[in-house]
Each structure stands twice: as C-alpha cells, then as structure tokens.
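*Asks:* Pasting a structure here, questions to come.
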Amino acid sequence: MSKAEPDFRIRWATEADFPALLELIKELALYEKAPEKVTNTVEQMRREKDYFKALVAETAGGEIVGMALFYFVYYTWVGKSLYLDDLIVRKPYRGRGIGRALLDKVLDFALRNDCKRVRWQVLDWNTPAIAFYRKLGVTLDDEWINCDWEPGKA
C-alpha cells in the first residue's frame, strides 16, 4: 500500500507571494497576541528581499496556506547558521504534515549550505508548537531572554 500524495506542495516564494506572506505574518502575530507589532509592508519586503528567504506551502488550487521565512546568521560559538523567523500553517490546514514539510525543507537547505545550527523561537505558552518541536527532538532552551532594540523606542 503506497502512502497518499500530499494535497500541497512546497516551493520557493517569489515577490508575487509577498502579499500572501505578509497576511500569514499578520495571522501569526494575531495568534501570538501582538498584531500591532507588525509594521512590515509588501513594499518593504520588496526593498529588503535580499535579506531573507521564504518557502511556501501551496494547495493544488494555488492557495498559499503556510510558510517558513528564514535567513543566514553567524553565531560566534558555532559559525554559519540559519535563523527561522516564522513558521506558520493556516489553522484549517494544520495536521496534514505541512509544518513538518516546511521545516524539513528549511533543515535540508541548512545542511546543503553547511550551516552549523538552525535556531528559532517559540512562545512559552504555545503548547501545540512546543509539542511539535519536542516530537522532532529539538533542544528547547528556557534559559535565554530575548533582547530587542528598535530605533526611536529607546
């Protein structure tokens, strides 16, 4: 018995996908109880497109239902790495393997690009995501605290 083909595909995002990416970013911010913190725009994404990479999950009908957005970083302790800034799958499409497929593609990209680490964050109350990451065997660190500096806010 063969495994059923997924009803989605993972592909690289293009500039034409930026409006859908921004909608997913806003959806994630709403879920994380911080919608007012999203100040990014499609125009800004276009200007800054060289600073990030994104994968999208697309249904057979062409609807973008998930994404992973990431970029290269350099951690002095280990060297070249990737930072996964956002991983989101729209709620009606969760549980179909889309999140895992997106993450697998990010991790494969990291391996092919000789990255020593892939890092991301999860809110301590986001139990579904924490359970998902634990199931994958990732290390969860509750010791470090985020520090953000934003011009004009200090």
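Residue numbers start at 1 in each chain; chains themselves are named A, B, ... in the order of the structure tokens; ligands are numbered from 1 in the order shown.
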Please, which residues of range 1-153 of chain A, numbered as in this document, come out strand (DSSP E or B) from DSSP, as a PyMOL selection string?
*Replies:* chain A and resi 8-12+53-59+64-75+79-89+118-119
*Asks:* Within 12 Å of Arg94 in chain A, counting only C-alpha atoms, which residues show up once you throw out same-chain ones fewer than 6 positions away? Write them as a list in words, please.
*Replies:* Phe8, Ala57, Val65, Gly66, Leu87, Ile88, Arg100, Ala101, Pro128, Ala129 and Phe132 of chain A
*Asks:* Which polymer residues have any atom within 10 Å of an atom of Tyr74 in chain A, counting only C-alpha atoms, with same-chain residues fewer than 2 positions away left out, as number ranges by chain?
*Replies:* A: 72, 76-83, 115-117
*Asks:* With only C-alpha atoms as the atoms that count, which of A:Leu55, A:Leu28, A:Leu123, A:Val42 lies nearest to Phe109 in chain A?
*Replies:*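 Of A:Leu55, A:Leu28, A:Leu123, A:Val42, the one nearest Phe109 in chain A is A:Leu55, counting only C-alpha atoms.
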*Asks:* For Asp104 in chain A, which residue among A:Glu150, A:Val118, A:Ala20, A:Glu48 is the nearest when counting only C-alpha atoms?
*Replies:*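 Closest candidate: A:Val118.
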*Asks:* Which is closer to Pro6 in chain A than all the others in A:Ile145, A:Ile98, A:Ile130, A:Leu140, using only C-alpha atoms?
*Replies:*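 With only C-alpha atoms as the atom set, the closest residue is A:Ile98.
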*Asks:* Just want the 12 Å neighbourhood of Ile25 in chain A, counted on only C-alpha atoms, with same-chain residues fewer than 6 positions away dropped. Output as a list in words.
*Replies:*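 Once the adjacent positions are removed, what remains is Phe18, Pro19, Tyr31, Glu32, Ala34, Pro35, Glu36, Lys37, Val38, Thr39, Asn40, Thr41, Val42, Met45, Ala54, Val65, Gly66, Met67, Ala68, Leu69, Asp85, Asp86, Leu87, Ile88, Val89 and Arg90 of chain A.
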*Asks:* Residues of the last selection are to be written out with N, CA and C atoms, as a compact mmCIF listing (two decimals), in the first residue's frame.
*Replies:*
```txt
# COMPACT_ATOMS: atom_id res chain seq x y z
N PHE A 18 4.61 37.91 -1.86
CA PHE A 18 4.80 38.76 -0.70
C PHE A 18 3.49 39.18 -0.03
N PRO A 19 2.43 39.52 -0.77
CA PRO A 19 1.17 39.85 -0.08
C PRO A 19 0.64 38.67 0.76
N TYR A 31 -2.25 35.49 16.39
CA TYR A 31 -2.21 34.29 17.24
C TYR A 31 -1.29 34.51 18.45
N GLU A 32 -0.19 35.23 18.23
CA GLU A 32 0.77 35.47 19.29
C GLU A 32 0.41 36.70 20.13
N ALA A 34 -0.04 39.86 19.39
CA ALA A 34 0.73 41.07 19.16
C ALA A 34 0.53 41.62 17.75
N PRO A 35 -0.71 41.72 17.26
CA PRO A 35 -0.91 42.17 15.88
C PRO A 35 -0.40 43.58 15.62
N GLU A 36 -0.40 44.42 16.64
CA GLU A 36 0.03 45.81 16.48
C GLU A 36 1.53 45.92 16.25
N LYS A 37 2.28 44.87 16.48
CA LYS A 37 3.74 44.92 16.32
C LYS A 37 4.19 44.72 14.88
N VAL A 38 3.30 44.29 14.01
CA VAL A 38 3.67 44.10 12.60
C VAL A 38 3.64 45.45 11.90
N THR A 39 4.83 45.92 11.53
CA THR A 39 4.94 47.19 10.80
C THR A 39 5.46 46.98 9.38
N ASN A 40 5.82 45.76 9.05
CA ASN A 40 6.34 45.45 7.73
C ASN A 40 5.27 45.67 6.68
N THR A 41 5.69 45.91 5.44
CA THR A 41 4.77 46.09 4.32
C THR A 41 5.29 45.28 3.13
N VAL A 42 4.44 45.09 2.16
CA VAL A 42 4.87 44.41 0.94
C VAL A 42 5.98 45.20 0.26
N MET A 45 9.17 44.60 2.07
CA MET A 45 9.66 43.25 1.76
C MET A 45 10.35 43.24 0.40
N ALA A 54 12.22 32.54 1.72
CA ALA A 54 10.96 32.00 2.20
C ALA A 54 10.51 30.84 1.33
N VAL A 65 -1.01 28.38 1.99
CA VAL A 65 -1.59 28.05 3.30
C VAL A 65 -0.54 27.95 4.40
N GLY A 66 0.71 28.15 4.06
CA GLY A 66 1.75 28.09 5.06
C GLY A 66 3.05 28.67 4.51
N MET A 67 3.97 28.96 5.44
CA MET A 67 5.25 29.50 5.01
C MET A 67 6.30 29.29 6.08
N ALA A 68 7.54 29.33 5.63
CA ALA A 68 8.70 29.38 6.52
C ALA A 68 9.59 30.49 5.97
N LEU A 69 9.93 31.45 6.83
CA LEU A 69 10.77 32.57 6.44
C LEU A 69 12.03 32.53 7.30
N ASP A 85 12.66 32.62 11.25
CA ASP A 85 11.91 33.69 11.91
C ASP A 85 10.45 33.34 12.05
N ASP A 86 9.84 32.81 11.02
CA ASP A 86 8.42 32.44 11.09
C ASP A 86 8.18 31.10 10.41
N LEU A 87 7.38 30.29 11.08
CA LEU A 87 6.85 29.05 10.51
C LEU A 87 5.38 29.04 10.88
N ILE A 88 4.54 29.08 9.88
CA ILE A 88 3.10 29.12 10.14
C ILE A 88 2.35 28.33 9.08
N VAL A 89 1.31 27.66 9.55
CA VAL A 89 0.34 26.98 8.67
C VAL A 89 -1.03 27.46 9.11
N ARG A 90 -1.82 27.89 8.15
CA ARG A 90 -3.18 28.35 8.49
C ARG A 90 -3.92 27.23 9.23
```
*Asks:* As an MDAnalysis selection string, please: all residues of range 9-92 of chain A that backbone DSSP puts in helix (DSSP H, G or I).
*Replies:* chainID A and resid 15:31 35:37 42:47 49:51 91:92
*Asks:* Please produce an output containing N, CA and C atoms for each residue in the selection, written as a short mmCIF file (atom, residue, chain, number, x, y, z; two decimals), in the first residue's frame.
*Replies:*
```cif
data_model
loop_
_atom_site.label_atom_id
_atom_site.label_comp_id
_atom_site.auth_asym_id
_atom_site.auth_seq_id
_atom_site.Cartn_x
_atom_site.Cartn_y
_atom_site.Cartn_z
N GLU A 15 8.44 37.19 -5.35
CA GLU A 15 7.91 38.51 -4.99
C GLU A 15 6.39 38.56 -5.11
N ALA A 16 5.85 37.83 -6.06
CA ALA A 16 4.39 37.80 -6.23
C ALA A 16 3.69 37.22 -5.00
N ASP A 17 4.42 36.46 -4.19
CA ASP A 17 3.86 35.85 -2.98
C ASP A 17 3.92 36.77 -1.76
N PHE A 18 4.61 37.91 -1.86
CA PHE A 18 4.80 38.76 -0.70
C PHE A 18 3.49 39.18 -0.03
N PRO A 19 2.43 39.52 -0.77
CA PRO A 19 1.17 39.85 -0.08
C PRO A 19 0.64 38.67 0.76
N ALA A 20 0.74 37.46 0.24
CA ALA A 20 0.29 36.28 0.99
C ALA A 20 1.20 36.04 2.20
N LEU A 21 2.51 36.26 2.02
CA LEU A 21 3.43 36.11 3.15
C LEU A 21 3.08 37.09 4.26
N LEU A 22 2.83 38.34 3.88
CA LEU A 22 2.50 39.35 4.88
C LEU A 22 1.20 39.00 5.60
N GLU A 23 0.23 38.46 4.89
CA GLU A 23 -1.02 38.05 5.54
C GLU A 23 -0.76 36.93 6.55
N LEU A 24 0.11 35.99 6.20
CA LEU A 24 0.46 34.92 7.13
C LEU A 24 1.22 35.48 8.35
N ILE A 25 2.10 36.44 8.11
CA ILE A 25 2.83 37.08 9.21
C ILE A 25 1.84 37.75 10.16
N LYS A 26 0.86 38.44 9.60
CA LYS A 26 -0.16 39.11 10.42
C LYS A 26 -1.02 38.09 11.17
N GLU A 27 -1.32 36.98 10.52
CA GLU A 27 -2.10 35.92 11.17
C GLU A 27 -1.32 35.35 12.36
N LEU A 28 -0.02 35.15 12.17
CA LEU A 28 0.81 34.65 13.25
C LEU A 28 0.89 35.67 14.39
N ALA A 29 1.04 36.93 14.06
CA ALA A 29 1.10 37.98 15.09
C ALA A 29 -0.20 38.04 15.88
N LEU A 30 -1.32 37.86 15.22
CA LEU A 30 -2.61 37.84 15.91
C LEU A 30 -2.67 36.66 16.87
N TYR A 31 -2.25 35.49 16.39
CA TYR A 31 -2.21 34.29 17.24
C TYR A 31 -1.29 34.51 18.45
N PRO A 35 -0.71 41.72 17.26
CA PRO A 35 -0.91 42.17 15.88
C PRO A 35 -0.40 43.58 15.62
N GLU A 36 -0.40 44.42 16.64
CA GLU A 36 0.03 45.81 16.48
C GLU A 36 1.53 45.92 16.25
N LYS A 37 2.28 44.87 16.48
CA LYS A 37 3.74 44.92 16.32
C LYS A 37 4.19 44.72 14.88
N VAL A 42 4.44 45.09 2.16
CA VAL A 42 4.87 44.41 0.94
C VAL A 42 5.98 45.20 0.26
N GLU A 43 5.84 46.51 0.25
CA GLU A 43 6.87 47.35 -0.37
C GLU A 43 8.22 47.20 0.34
N GLN A 44 8.18 47.17 1.67
CA GLN A 44 9.40 46.98 2.44
C GLN A 44 10.01 45.60 2.16
N MET A 45 9.17 44.60 2.07
CA MET A 45 9.66 43.25 1.76
C MET A 45 10.35 43.24 0.40
N ARG A 46 9.78 43.95 -0.55
CA ARG A 46 10.39 44.03 -1.89
C ARG A 46 11.76 44.71 -1.82
N ARG A 47 11.85 45.81 -1.07
CA ARG A 47 13.14 46.51 -0.93
C ARG A 47 14.18 45.64 -0.20
N LYS A 49 14.25 42.22 0.03
CA LYS A 49 14.15 40.81 -0.36
C LYS A 49 15.47 40.04 -0.34
N ASP A 50 16.59 40.75 -0.43
CA ASP A 50 17.88 40.07 -0.41
C ASP A 50 18.29 39.61 0.98
N TYR A 51 17.54 40.01 2.00
CA TYR A 51 17.89 39.69 3.38
C TYR A 51 17.19 38.45 3.93
N LYS A 91 -4.70 27.63 10.21
CA LYS A 91 -5.36 26.69 11.10
C LYS A 91 -6.12 25.56 10.39
N PRO A 92 -6.94 25.86 9.37
CA PRO A 92 -7.68 24.76 8.74
C PRO A 92 -6.79 23.70 8.06
#
```
*Asks:* Kindly give the distance, in Å, that separates CA of Trp12 in chain A and CA of Gly95 in chain A, rounded to a single decimal.
*Replies:*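 Calculated distance between CA of Trp12 in chain A and CA of Gly95 in chain A is 21.6 Å.
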*Asks:* Looking at A:Asn113, A:Val56, A:Asp148, A:Lys33, which one is nearest to Arg11 in chain A, with distances taken over only C-alpha atoms?
*Replies:*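 Using only C-alpha atoms, Arg11 in chain A sits closest to A:Val56.
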*Asks:* Just how far from CA of Leu103 in chain A is CA of Trp144 in chain A, in Å to one decimal?
*Replies:* 22.8 Å
